[in-house]
Amino acid sequence: MLQKTLFFILCVINVHCFAQSNDADSLSLKIENTPQNIQIDQLKAYLGKFTLNYENNESIQLQEYKLVDWKNQTTLHLNKLSLQNLKFISFLVGVDSSQTLQGVMEGDLDPIKGMFWTWQTGYINFKFDYYNEQETKKSFHIGGYRKMHNSVYRVTIDIPQGKKLKGLSFDVQAFLEFVKSKNITSIMSPGEKAVLISQHYNYFINPIWNEATH
Amino acid sequence: MKLRISILLLILSLVLMSLDKVSKNTVTFEYPKDWPKPTYTFKNNPLTEEGIMLGRKLFYDPKLSKDGMISCASCHLSFTSFTHVDHKLSHGVKDRIGRRNTGALINLAWQKDFMWDGSINHLDFQPLAPLTSEVEMGGNLDNIQKYLSSDDTYKSLFFNAFGDSIANTPNMLKAFSQFMLQFNSFNSKYDKVKRGEMSFSESEIKGYQLFQTHCNSCHTEPLFTNNQFMNNGLTVDTTLQDMGRIKVTGLKSDSLKFKVPTLRNIEVTYPYMHDGRFKNLPMVLLHYSQEKHQTFNIAKELKEPIVMTEGEKRSLIHFLKTLTDKEFLYNQDLSFPRN
């Protein structure tokens, strides 16, 4: 009991210390392998309910959702939580049904952010719009949270020993190759295609590593 | 010294005054004792007089639409239980015809699914559909927010309701909900009979018994809906091709199912069904008492026609008319705000 309490206090102090150095919680955001012939219009996703598991088996869960904009944002801050000594980190790509049942929210979940379908309630979990060579807009809007069409998916990233997670990159080439291999040319509503893509987020969302400094 | 004290007092009173301005008058949500608990998430949006007042102004404001002509009330009229009476399919901006008949807006705090196919899962999100739909109000959230944030009356209404004069979308939606949560109907003759304040006529008693035998499994008391999706055997309209709930869930077992609507105030909410195909209650009863041509996924209670004599049908209609709640329909607090 005493041990546990002590441990808890230490953890709190720990978290607190890292809160001082303001970069300890930040993940950089990068877009990689964008083919020359396309122009990205929007590349956004809701990442939420982060779980951070540390080497000492301590685990921290965040309840909120963050709207990540790979094109216009360079860093994502995780509420001052440390990214040192992590064993793994996981997060939802998308907003789950329990959240939508809470009604309207301010901040990143505000429907005015353009990541919300009004005709059939639900957040757009992931949005990738680009212009091709012919300047035609191609849209991949992944959403849907109901049983059959649930495209809210948890991505887990294992952190190898001696490495530190520095950021999350989105691999455009990998995404385009994947949708091409499945003959998907556009998505604007919940359904099988959206579910299929959501199950493969870890093909396109990749960790960026740093050598650890501990 | 004196000067200092008076400055201090001045500051104090200013602070108190500003506090007074934001202090809101909370409203408790009241409903009959024997009713189920409402499902609306009041904890995320506590009712206040100021919030309800703002919601009422929004509900009746045509400036929220693209062409400045259409408000929520254009399709949802208070004295007809908030439906679009005598219109089969609602029409909106530039007279484009919507796909469905306007549902009555009653006792929304108990509703889990909105729209005939349940495509909207929370009351807060409901206004977004008409506000941004091309066939309804045709607007755009950024423009609406700009309009509301630049209008002095709205600025003070938003400030009073939410302590912030900037009209953000979440607060607008919360105000809409607060007003719509006032659309509560539980003072019909039926309710008064239940409370022992009135009594049914002989014909109404007969109708009530028929109702309990044939209709109550879906149009369940006291809300007169079981909040489920069912197929009551309507043939598919060949031009609209509306398959109902399946569009939302993707389940074949949901094909041709629609939300069971409440029958409260049914006397005034004609035409009936999701596409408004029946003009009056006798036609509805004719449907229920006929052989069904459309039998895929039909509810088991309705596989066989409900056999009723003409006299029984009349009694059933007499009973249905006891669900009309004049206090609700003519409630001044819900109609167009005069001031």
# chains A, B, ... in the order shown; residues from 1 in each chain; ligands from 1
>>> closest_atom_pairs(of="chain B", to="chain A", cutoff="8 Å", atoms="only C-alpha atoms", output="CSV")
residue,atom,partner,partner_atom,distance
B:Thr41,CA,A:Gln102,CA,6.4
B:Asn44,CA,A:Gln102,CA,7.3
B:Ser119,CA,A:Gln120,CA,4.7
B:Ile120,CA,A:Thr121,CA,4.7
B:Asn121,CA,A:Thr121,CA,6.2
B:His122,CA,A:Gly103,CA,5.9
B:Leu123,CA,A:Gly103,CA,7.4
B:Asp124,CA,A:Gly103,CA,5.6
B:Phe125,CA,A:Val104,CA,6.7
B:Gln126,CA,A:Thr118,CA,7.8
B:Leu128,CA,A:Thr118,CA,5.6
B:Ala129,CA,A:Thr118,CA,4.9
B:Thr132,CA,A:Thr118,CA,7.5
B:Ser133,CA,A:Trp119,CA,7.7
B:Leu141,CA,A:Ile112,CA,6.2
B:Asp142,CA,A:Ile112,CA,7.1
B:Thr169,CA,A:Ile112,CA,6.6
B:Pro170,CA,A:Val104,CA,5.7
B:Leu173,CA,A:Val104,CA,7.2
B:Lys174,CA,A:Val104,CA,7.4
B:Val248,CA,A:Gln120,CA,7.5
B:Thr249,CA,A:Met148,CA,6.4
B:Gly250,CA,A:Met148,CA,6.4
B:Leu251,CA,A:Met148,CA,7.4
>>> write_last_selection(atoms="N, CA and C atoms", output="short mmCIF file (atom, residue, chain, number, x, y, z; two decimals), in the first residue's frame")
data_model
loop_
_atom_site.label_atom_id
_atom_site.label_comp_id
_atom_site.auth_asym_id
_atom_site.auth_seq_id
_atom_site.Cartn_x
_atom_site.Cartn_y
_atom_site.Cartn_z
N THR B 41 -29.33 14.63 -22.54
CA THR B 41 -28.18 14.85 -21.66
C THR B 41 -28.22 16.25 -21.04
N ASN B 44 -25.03 18.16 -19.73
CA ASN B 44 -24.14 18.92 -20.62
C ASN B 44 -24.78 20.21 -21.11
N SER B 119 -31.44 8.87 -38.46
CA SER B 119 -30.09 9.17 -38.91
C SER B 119 -29.38 10.17 -37.99
N ILE B 120 -30.14 10.82 -37.13
CA ILE B 120 -29.53 11.78 -36.21
C ILE B 120 -29.71 11.25 -34.79
N ASN B 121 -28.63 11.22 -34.02
CA ASN B 121 -28.71 10.50 -32.75
C ASN B 121 -28.74 11.38 -31.52
N HIS B 122 -28.80 12.70 -31.71
CA HIS B 122 -28.87 13.59 -30.55
C HIS B 122 -29.57 14.87 -30.96
N LEU B 123 -30.45 15.35 -30.08
CA LEU B 123 -31.23 16.55 -30.40
C LEU B 123 -30.33 17.74 -30.75
N ASP B 124 -29.19 17.87 -30.07
CA ASP B 124 -28.29 19.00 -30.33
C ASP B 124 -27.89 19.08 -31.80
N PHE B 125 -27.73 17.93 -32.43
CA PHE B 125 -27.22 17.92 -33.80
C PHE B 125 -28.32 18.13 -34.84
N GLN B 126 -29.58 18.00 -34.41
CA GLN B 126 -30.70 18.06 -35.35
C GLN B 126 -30.73 19.35 -36.19
N LEU B 128 -28.56 21.19 -37.34
CA LEU B 128 -27.52 21.28 -38.37
C LEU B 128 -28.03 20.75 -39.71
N ALA B 129 -28.89 19.74 -39.66
CA ALA B 129 -29.36 19.15 -40.91
C ALA B 129 -30.15 20.16 -41.74
N THR B 132 -28.05 23.43 -42.92
CA THR B 132 -27.04 23.31 -43.97
C THR B 132 -27.54 22.53 -45.18
N SER B 133 -28.77 22.01 -45.11
CA SER B 133 -29.25 21.20 -46.22
C SER B 133 -29.67 22.06 -47.40
N LEU B 141 -22.62 27.28 -41.85
CA LEU B 141 -22.40 27.59 -40.43
C LEU B 141 -21.56 28.84 -40.21
N ASP B 142 -20.56 29.06 -41.06
CA ASP B 142 -19.71 30.24 -40.89
C ASP B 142 -20.53 31.51 -41.05
N THR B 169 -21.10 27.98 -32.60
CA THR B 169 -22.06 26.95 -33.04
C THR B 169 -22.55 26.07 -31.89
N PRO B 170 -21.66 25.58 -31.02
CA PRO B 170 -22.17 24.74 -29.92
C PRO B 170 -23.21 25.46 -29.07
N LEU B 173 -26.50 25.64 -30.87
CA LEU B 173 -27.19 24.35 -30.89
C LEU B 173 -27.79 24.02 -29.52
N LYS B 174 -27.07 24.40 -28.48
CA LYS B 174 -27.61 24.15 -27.14
C LYS B 174 -28.88 24.95 -26.91
N VAL B 248 -29.13 3.85 -42.66
CA VAL B 248 -28.33 4.27 -41.52
C VAL B 248 -27.50 3.12 -40.96
N THR B 249 -28.10 1.94 -40.88
CA THR B 249 -27.41 0.84 -40.20
C THR B 249 -26.74 -0.14 -41.15
N GLY B 250 -27.17 -0.16 -42.41
CA GLY B 250 -26.62 -1.11 -43.35
C GLY B 250 -27.10 -2.54 -43.13
N LEU B 251 -28.07 -2.71 -42.22
CA LEU B 251 -28.56 -4.06 -41.93
C LEU B 251 -29.80 -4.37 -42.78
#
>>> residues_around(residues="stretch 30-32 of chain A", least_positions_apart="3", cutoff="12 Å", atoms="only C-alpha atoms", output="NGL selection string")
:A and (27 or 35-36 or 40 or 42-44 or 68-76 or 128 or 166-175 or 204-208)
>>> write_last_selection(atoms="N, CA and C atoms", output="CSV table (one decimal), in the first residue's frame")
chain,number,residue,atom,x,y,z
A,27,LEU,N,4.4,15.9,-30.1
A,27,LEU,CA,4.6,15.0,-31.2
A,27,LEU,C,4.7,15.9,-32.5
A,35,PRO,N,3.3,12.4,-53.9
A,35,PRO,CA,3.6,12.4,-55.3
A,35,PRO,C,3.6,13.8,-55.9
A,36,GLN,N,4.5,14.0,-56.9
A,36,GLN,CA,4.7,15.3,-57.5
A,36,GLN,C,3.4,15.8,-58.2
A,40,ILE,N,-2.2,18.5,-52.2
A,40,ILE,CA,-3.1,18.2,-51.0
A,40,ILE,C,-3.9,19.4,-50.7
A,42,GLN,N,-6.7,19.0,-48.1
A,42,GLN,CA,-6.9,18.8,-46.6
A,42,GLN,C,-6.5,17.4,-46.2
A,43,LEU,N,-5.8,17.4,-45.1
A,43,LEU,CA,-5.4,16.1,-44.5
A,43,LEU,C,-5.6,16.2,-43.0
A,44,LYS,N,-6.7,15.7,-42.5
A,44,LYS,CA,-7.1,15.9,-41.1
A,44,LYS,C,-7.6,14.6,-40.5
A,68,VAL,N,-6.4,16.8,-35.6
A,68,VAL,CA,-5.0,16.9,-36.1
A,68,VAL,C,-5.0,17.3,-37.6
A,69,ASP,N,-4.3,18.4,-37.9
A,69,ASP,CA,-4.3,18.9,-39.3
A,69,ASP,C,-2.9,18.8,-39.8
A,70,TRP,N,-2.6,17.8,-40.6
A,70,TRP,CA,-1.2,17.5,-41.0
A,70,TRP,C,-0.7,18.6,-41.9
A,71,LYS,N,-1.6,19.3,-42.6
A,71,LYS,CA,-1.1,20.3,-43.6
A,71,LYS,C,-0.7,21.6,-42.9
A,72,ASN,N,-1.4,22.0,-41.9
A,72,ASN,CA,-1.2,23.3,-41.3
A,72,ASN,C,-0.7,23.3,-39.9
A,73,GLN,N,-0.4,22.1,-39.4
A,73,GLN,CA,0.0,22.0,-38.0
A,73,GLN,C,1.3,21.3,-37.9
A,74,THR,N,2.2,21.7,-37.1
A,74,THR,CA,3.5,21.0,-37.0
A,74,THR,C,3.6,20.2,-35.8
A,75,THR,N,2.9,20.5,-34.7
A,75,THR,CA,3.0,19.7,-33.5
A,75,THR,C,1.7,19.4,-32.9
A,76,LEU,N,1.6,18.3,-32.1
A,76,LEU,CA,0.5,17.9,-31.4
A,76,LEU,C,0.9,17.8,-29.9
A,128,PHE,N,-9.2,13.2,-46.3
A,128,PHE,CA,-8.0,13.5,-47.2
A,128,PHE,C,-8.6,13.9,-48.5
A,166,LYS,N,8.9,10.5,-31.6
A,166,LYS,CA,9.1,11.9,-31.9
A,166,LYS,C,7.9,12.6,-32.6
A,167,GLY,N,7.2,11.8,-33.4
A,167,GLY,CA,6.1,12.3,-34.1
A,167,GLY,C,5.3,11.3,-34.9
A,168,LEU,N,4.3,11.8,-35.6
A,168,LEU,CA,3.5,11.0,-36.4
A,168,LEU,C,3.5,11.5,-37.9
A,169,SER,N,3.8,10.6,-38.8
A,169,SER,CA,3.9,11.1,-40.2
A,169,SER,C,2.7,10.4,-41.0
A,170,PHE,N,2.3,11.1,-42.0
A,170,PHE,CA,1.3,10.5,-42.9
A,170,PHE,C,1.9,10.2,-44.2
A,171,ASP,N,1.8,8.9,-44.6
A,171,ASP,CA,2.5,8.5,-45.9
A,171,ASP,C,1.5,8.6,-47.0
A,172,VAL,N,1.5,9.6,-47.8
A,172,VAL,CA,0.5,9.8,-48.9
A,172,VAL,C,0.6,8.7,-49.9
A,173,GLN,N,1.8,8.4,-50.3
A,173,GLN,CA,2.0,7.4,-51.4
A,173,GLN,C,1.4,6.0,-50.9
A,174,ALA,N,1.7,5.7,-49.7
A,174,ALA,CA,1.1,4.4,-49.2
A,174,ALA,C,-0.4,4.4,-49.2
A,175,PHE,N,-1.0,5.6,-48.8
A,175,PHE,CA,-2.4,5.7,-48.8
A,175,PHE,C,-3.0,5.5,-50.2
A,204,PHE,N,-0.6,3.9,-43.0
A,204,PHE,CA,-0.3,5.3,-43.5
A,204,PHE,C,0.2,6.2,-42.4
A,205,ILE,N,-0.2,5.9,-41.2
A,205,ILE,CA,0.2,6.8,-40.1
A,205,ILE,C,1.4,6.1,-39.4
A,206,ASN,N,2.6,6.7,-39.6
A,206,ASN,CA,3.8,6.0,-39.1
A,206,ASN,C,4.4,6.8,-38.0
A,207,PRO,N,5.1,6.1,-37.1
A,207,PRO,CA,5.9,6.7,-36.0
A,207,PRO,C,7.1,7.4,-36.6
A,208,ILE,N,7.5,8.5,-36.0
A,208,ILE,CA,8.8,9.1,-36.3
A,208,ILE,C,9.7,8.9,-35.1
>>> atom_distance(atom1="atom CA of A:Arg154", atom2="atom CA of A:Ser90")
6.6 Å
>>> residues_around(residues="B:Leu323", least_positions_apart="6", cutoff="10 Å", atoms="only C-alpha atoms", output="MDAnalysis selection string")
chainID B and resid 185:191 224 263:267
>>> select_by_dssp(residues="stretch 6-137 of chain A", states="strand (DSSP E)", output="PyMOL selection string")
chain A and resi 26-32+39-54+59-61+65-69+75-77+86-93+116-117+122-131+137
>>> closest_residue(among="A:Leu47, A:Ile197, A:Val179, A:Ile60", to="A:Asp96", atoms="only C-alpha atoms")
A:Leu47
>>> closest_residue(among="B:Gln294, B:Glu310, B:Arg195, B:Thr220", to="B:Lys33", atoms="only C-alpha atoms")
B:Arg195
>>> atom_distance(atom1="atom CA of B:Val307", atom2="atom CA of B:Val284")
13.5 Å
>>> select_by_dssp(residues="stretch 151-306 of chain B", states="alpha helix (DSSP H)", output="ChimeraX atom specification")
/B:152-162,169-180,189-194,202-214,246-249,281-288
>>> residues_around(residues="stretch 104-112 of chain B", least_positions_apart="5", cutoff="6 Å", atoms="only C-alpha atoms", output="short mmCIF file (atom, residue, chain, number, x, y, z; two decimals) with all heavy atoms, in the first residue's frame")
data_model
loop_
_atom_site.label_atom_id
_atom_site.label_comp_id
_atom_site.auth_asym_id
_atom_site.auth_seq_id
_atom_site.Cartn_x
_atom_site.Cartn_y
_atom_site.Cartn_z
N PRO B 38 -36.28 11.03 -18.83
CA PRO B 38 -35.89 11.50 -20.17
C PRO B 38 -34.47 11.06 -20.51
O PRO B 38 -33.66 10.82 -19.61
CB PRO B 38 -35.98 13.02 -20.06
CG PRO B 38 -36.04 13.34 -18.63
CD PRO B 38 -36.51 12.14 -17.90
N THR B 39 -34.18 10.95 -21.81
CA THR B 39 -32.85 10.50 -22.22
C THR B 39 -31.92 11.66 -22.58
O THR B 39 -30.73 11.47 -22.74
CB THR B 39 -32.94 9.56 -23.44
OG1 THR B 39 -33.81 10.17 -24.40
CG2 THR B 39 -33.47 8.20 -23.06
N TYR B 40 -32.47 12.87 -22.74
CA TYR B 40 -31.63 14.00 -23.13
C TYR B 40 -30.53 14.23 -22.09
O TYR B 40 -30.75 14.09 -20.89
CB TYR B 40 -32.46 15.28 -23.30
CG TYR B 40 -31.61 16.42 -23.80
CD1 TYR B 40 -31.25 16.49 -25.14
CD2 TYR B 40 -31.10 17.38 -22.93
CE1 TYR B 40 -30.41 17.49 -25.61
CE2 TYR B 40 -30.26 18.39 -23.39
CZ TYR B 40 -29.93 18.44 -24.71
OH TYR B 40 -29.09 19.42 -25.18
N SER B 81 -48.62 21.22 -33.55
CA SER B 81 -47.69 20.31 -32.93
C SER B 81 -46.36 20.29 -33.70
O SER B 81 -45.69 19.28 -33.82
CB SER B 81 -48.31 18.91 -32.90
OG SER B 81 -47.60 18.09 -32.07
N PHE B 82 -46.02 21.46 -34.25
CA PHE B 82 -44.75 21.66 -34.95
C PHE B 82 -44.56 20.81 -36.21
O PHE B 82 -43.46 20.41 -36.54
CB PHE B 82 -43.57 21.49 -33.99
CG PHE B 82 -43.56 22.53 -32.91
CD1 PHE B 82 -44.07 22.24 -31.66
CD2 PHE B 82 -43.12 23.81 -33.17
CE1 PHE B 82 -44.11 23.21 -30.66
CE2 PHE B 82 -43.16 24.79 -32.19
CZ PHE B 82 -43.65 24.49 -30.94
N THR B 83 -45.69 20.51 -36.89
CA THR B 83 -45.49 19.89 -38.21
C THR B 83 -45.85 20.91 -39.28
O THR B 83 -46.30 22.01 -39.01
CB THR B 83 -46.41 18.68 -38.46
OG1 THR B 83 -47.74 19.16 -38.60
CG2 THR B 83 -46.32 17.67 -37.37
N LEU B 181 -36.82 21.47 -26.11
CA LEU B 181 -37.13 20.62 -24.95
C LEU B 181 -38.34 21.12 -24.17
O LEU B 181 -38.79 20.50 -23.22
CB LEU B 181 -35.90 20.52 -24.03
CG LEU B 181 -34.76 19.68 -24.60
CD1 LEU B 181 -33.46 19.96 -23.87
CD2 LEU B 181 -35.09 18.19 -24.53
N PHE B 183 -41.16 21.56 -25.81
CA PHE B 183 -42.32 21.09 -26.59
C PHE B 183 -42.92 19.85 -25.93
O PHE B 183 -42.89 18.75 -26.50
CB PHE B 183 -41.91 20.74 -28.03
CG PHE B 183 -41.32 21.88 -28.83
CD1 PHE B 183 -40.83 21.66 -30.11
CD2 PHE B 183 -41.26 23.17 -28.31
CE1 PHE B 183 -40.28 22.69 -30.86
CE2 PHE B 183 -40.70 24.21 -29.06
CZ PHE B 183 -40.22 23.97 -30.33
N ASN B 184 -43.40 20.02 -24.73
CA ASN B 184 -43.86 18.85 -23.98
C ASN B 184 -45.37 18.81 -23.90
O ASN B 184 -46.01 19.79 -23.56
CB ASN B 184 -43.25 18.86 -22.59
CG ASN B 184 -41.75 18.72 -22.67
OD1 ASN B 184 -41.26 17.96 -23.51
ND2 ASN B 184 -41.04 19.47 -21.87
#
>>> atom_distance(atom1="atom CA of A:Lys164", atom2="atom CA of A:Gln61")
19.0 Å
>>> closest_residue(among="A:Ser198, A:Asn210, A:Asn53, A:Gln99", to="A:Ile157", atoms="only C-alpha atoms")
A:Asn53
>>> residues_around(residues="B:Ile166", least_positions_apart="5", cutoff="12 Å", atoms="only C-alpha atoms", output="list in words")
Ile144, Gln145, Lys146, Tyr147, Leu148, Ser149, Ser150, Asp151, Asp152, Thr153, Tyr154, Lys155, Ser156, Leu157, Phe158, Phe159, Asn160, Ala161, Asn171 and Met172 of chain B
>>> write_last_selection(atoms="N, CA and C atoms", output="tab-separated table (two decimals), in the first residue's frame")
chain	number	residue	atom	x	y	z
B	144	ILE	N	-23.77	31.85	-40.67
B	144	ILE	CA	-24.72	31.97	-39.56
B	144	ILE	C	-24.02	32.54	-38.34
B	145	GLN	N	-22.83	32.02	-38.06
B	145	GLN	CA	-22.09	32.50	-36.89
B	145	GLN	C	-21.75	33.98	-37.04
B	146	LYS	N	-21.40	34.38	-38.25
B	146	LYS	CA	-21.07	35.80	-38.50
B	146	LYS	C	-22.31	36.67	-38.27
B	147	TYR	N	-23.43	36.22	-38.82
B	147	TYR	CA	-24.68	36.99	-38.66
B	147	TYR	C	-25.03	37.13	-37.18
B	148	LEU	N	-24.99	36.02	-36.45
B	148	LEU	CA	-25.40	36.07	-35.04
B	148	LEU	C	-24.44	36.92	-34.20
B	149	SER	N	-23.15	36.86	-34.53
B	149	SER	CA	-22.16	37.58	-33.73
B	149	SER	C	-22.13	39.06	-34.05
B	150	SER	N	-22.81	39.48	-35.11
B	150	SER	CA	-22.78	40.91	-35.44
B	150	SER	C	-24.11	41.58	-35.11
B	151	ASP	N	-25.07	40.81	-34.66
B	151	ASP	CA	-26.39	41.36	-34.35
B	151	ASP	C	-26.46	41.67	-32.84
B	152	ASP	N	-26.80	42.93	-32.51
B	152	ASP	CA	-26.76	43.35	-31.10
B	152	ASP	C	-27.71	42.56	-30.21
B	153	THR	N	-28.92	42.30	-30.71
B	153	THR	CA	-29.87	41.56	-29.88
B	153	THR	C	-29.32	40.18	-29.58
B	154	TYR	N	-28.82	39.50	-30.62
B	154	TYR	CA	-28.26	38.17	-30.39
B	154	TYR	C	-27.07	38.22	-29.47
B	155	LYS	N	-26.22	39.26	-29.64
B	155	LYS	CA	-25.03	39.34	-28.79
B	155	LYS	C	-25.44	39.34	-27.33
B	156	SER	N	-26.46	40.12	-26.98
B	156	SER	CA	-26.82	40.14	-25.56
B	156	SER	C	-27.55	38.87	-25.15
B	157	LEU	N	-28.34	38.30	-26.06
B	157	LEU	CA	-29.00	37.04	-25.72
B	157	LEU	C	-27.98	35.92	-25.48
B	158	PHE	N	-26.97	35.86	-26.34
B	158	PHE	CA	-25.93	34.84	-26.15
B	158	PHE	C	-25.16	35.09	-24.85
B	159	PHE	N	-24.90	36.37	-24.58
B	159	PHE	CA	-24.17	36.68	-23.35
B	159	PHE	C	-24.99	36.25	-22.14
B	160	ASN	N	-26.27	36.59	-22.15
B	160	ASN	CA	-27.12	36.24	-21.00
B	160	ASN	C	-27.23	34.73	-20.82
B	161	ALA	N	-27.28	34.02	-21.91
B	161	ALA	CA	-27.49	32.57	-21.81
B	161	ALA	C	-26.21	31.81	-21.51
B	171	ASN	N	-22.98	26.72	-28.72
B	171	ASN	CA	-23.97	27.42	-27.90
B	171	ASN	C	-25.27	27.65	-28.65
B	172	MET	N	-25.17	27.91	-29.95
B	172	MET	CA	-26.39	28.06	-30.74
B	172	MET	C	-27.19	26.76	-30.69
>>> residues_around(residues="B:Pro337", least_positions_apart="2", cutoff="8 Å", atoms="only C-alpha atoms", output="list in words")
Arg56, Lys57, Tyr60, Asp333, Leu334, Ser335 and Asn339 of chain B
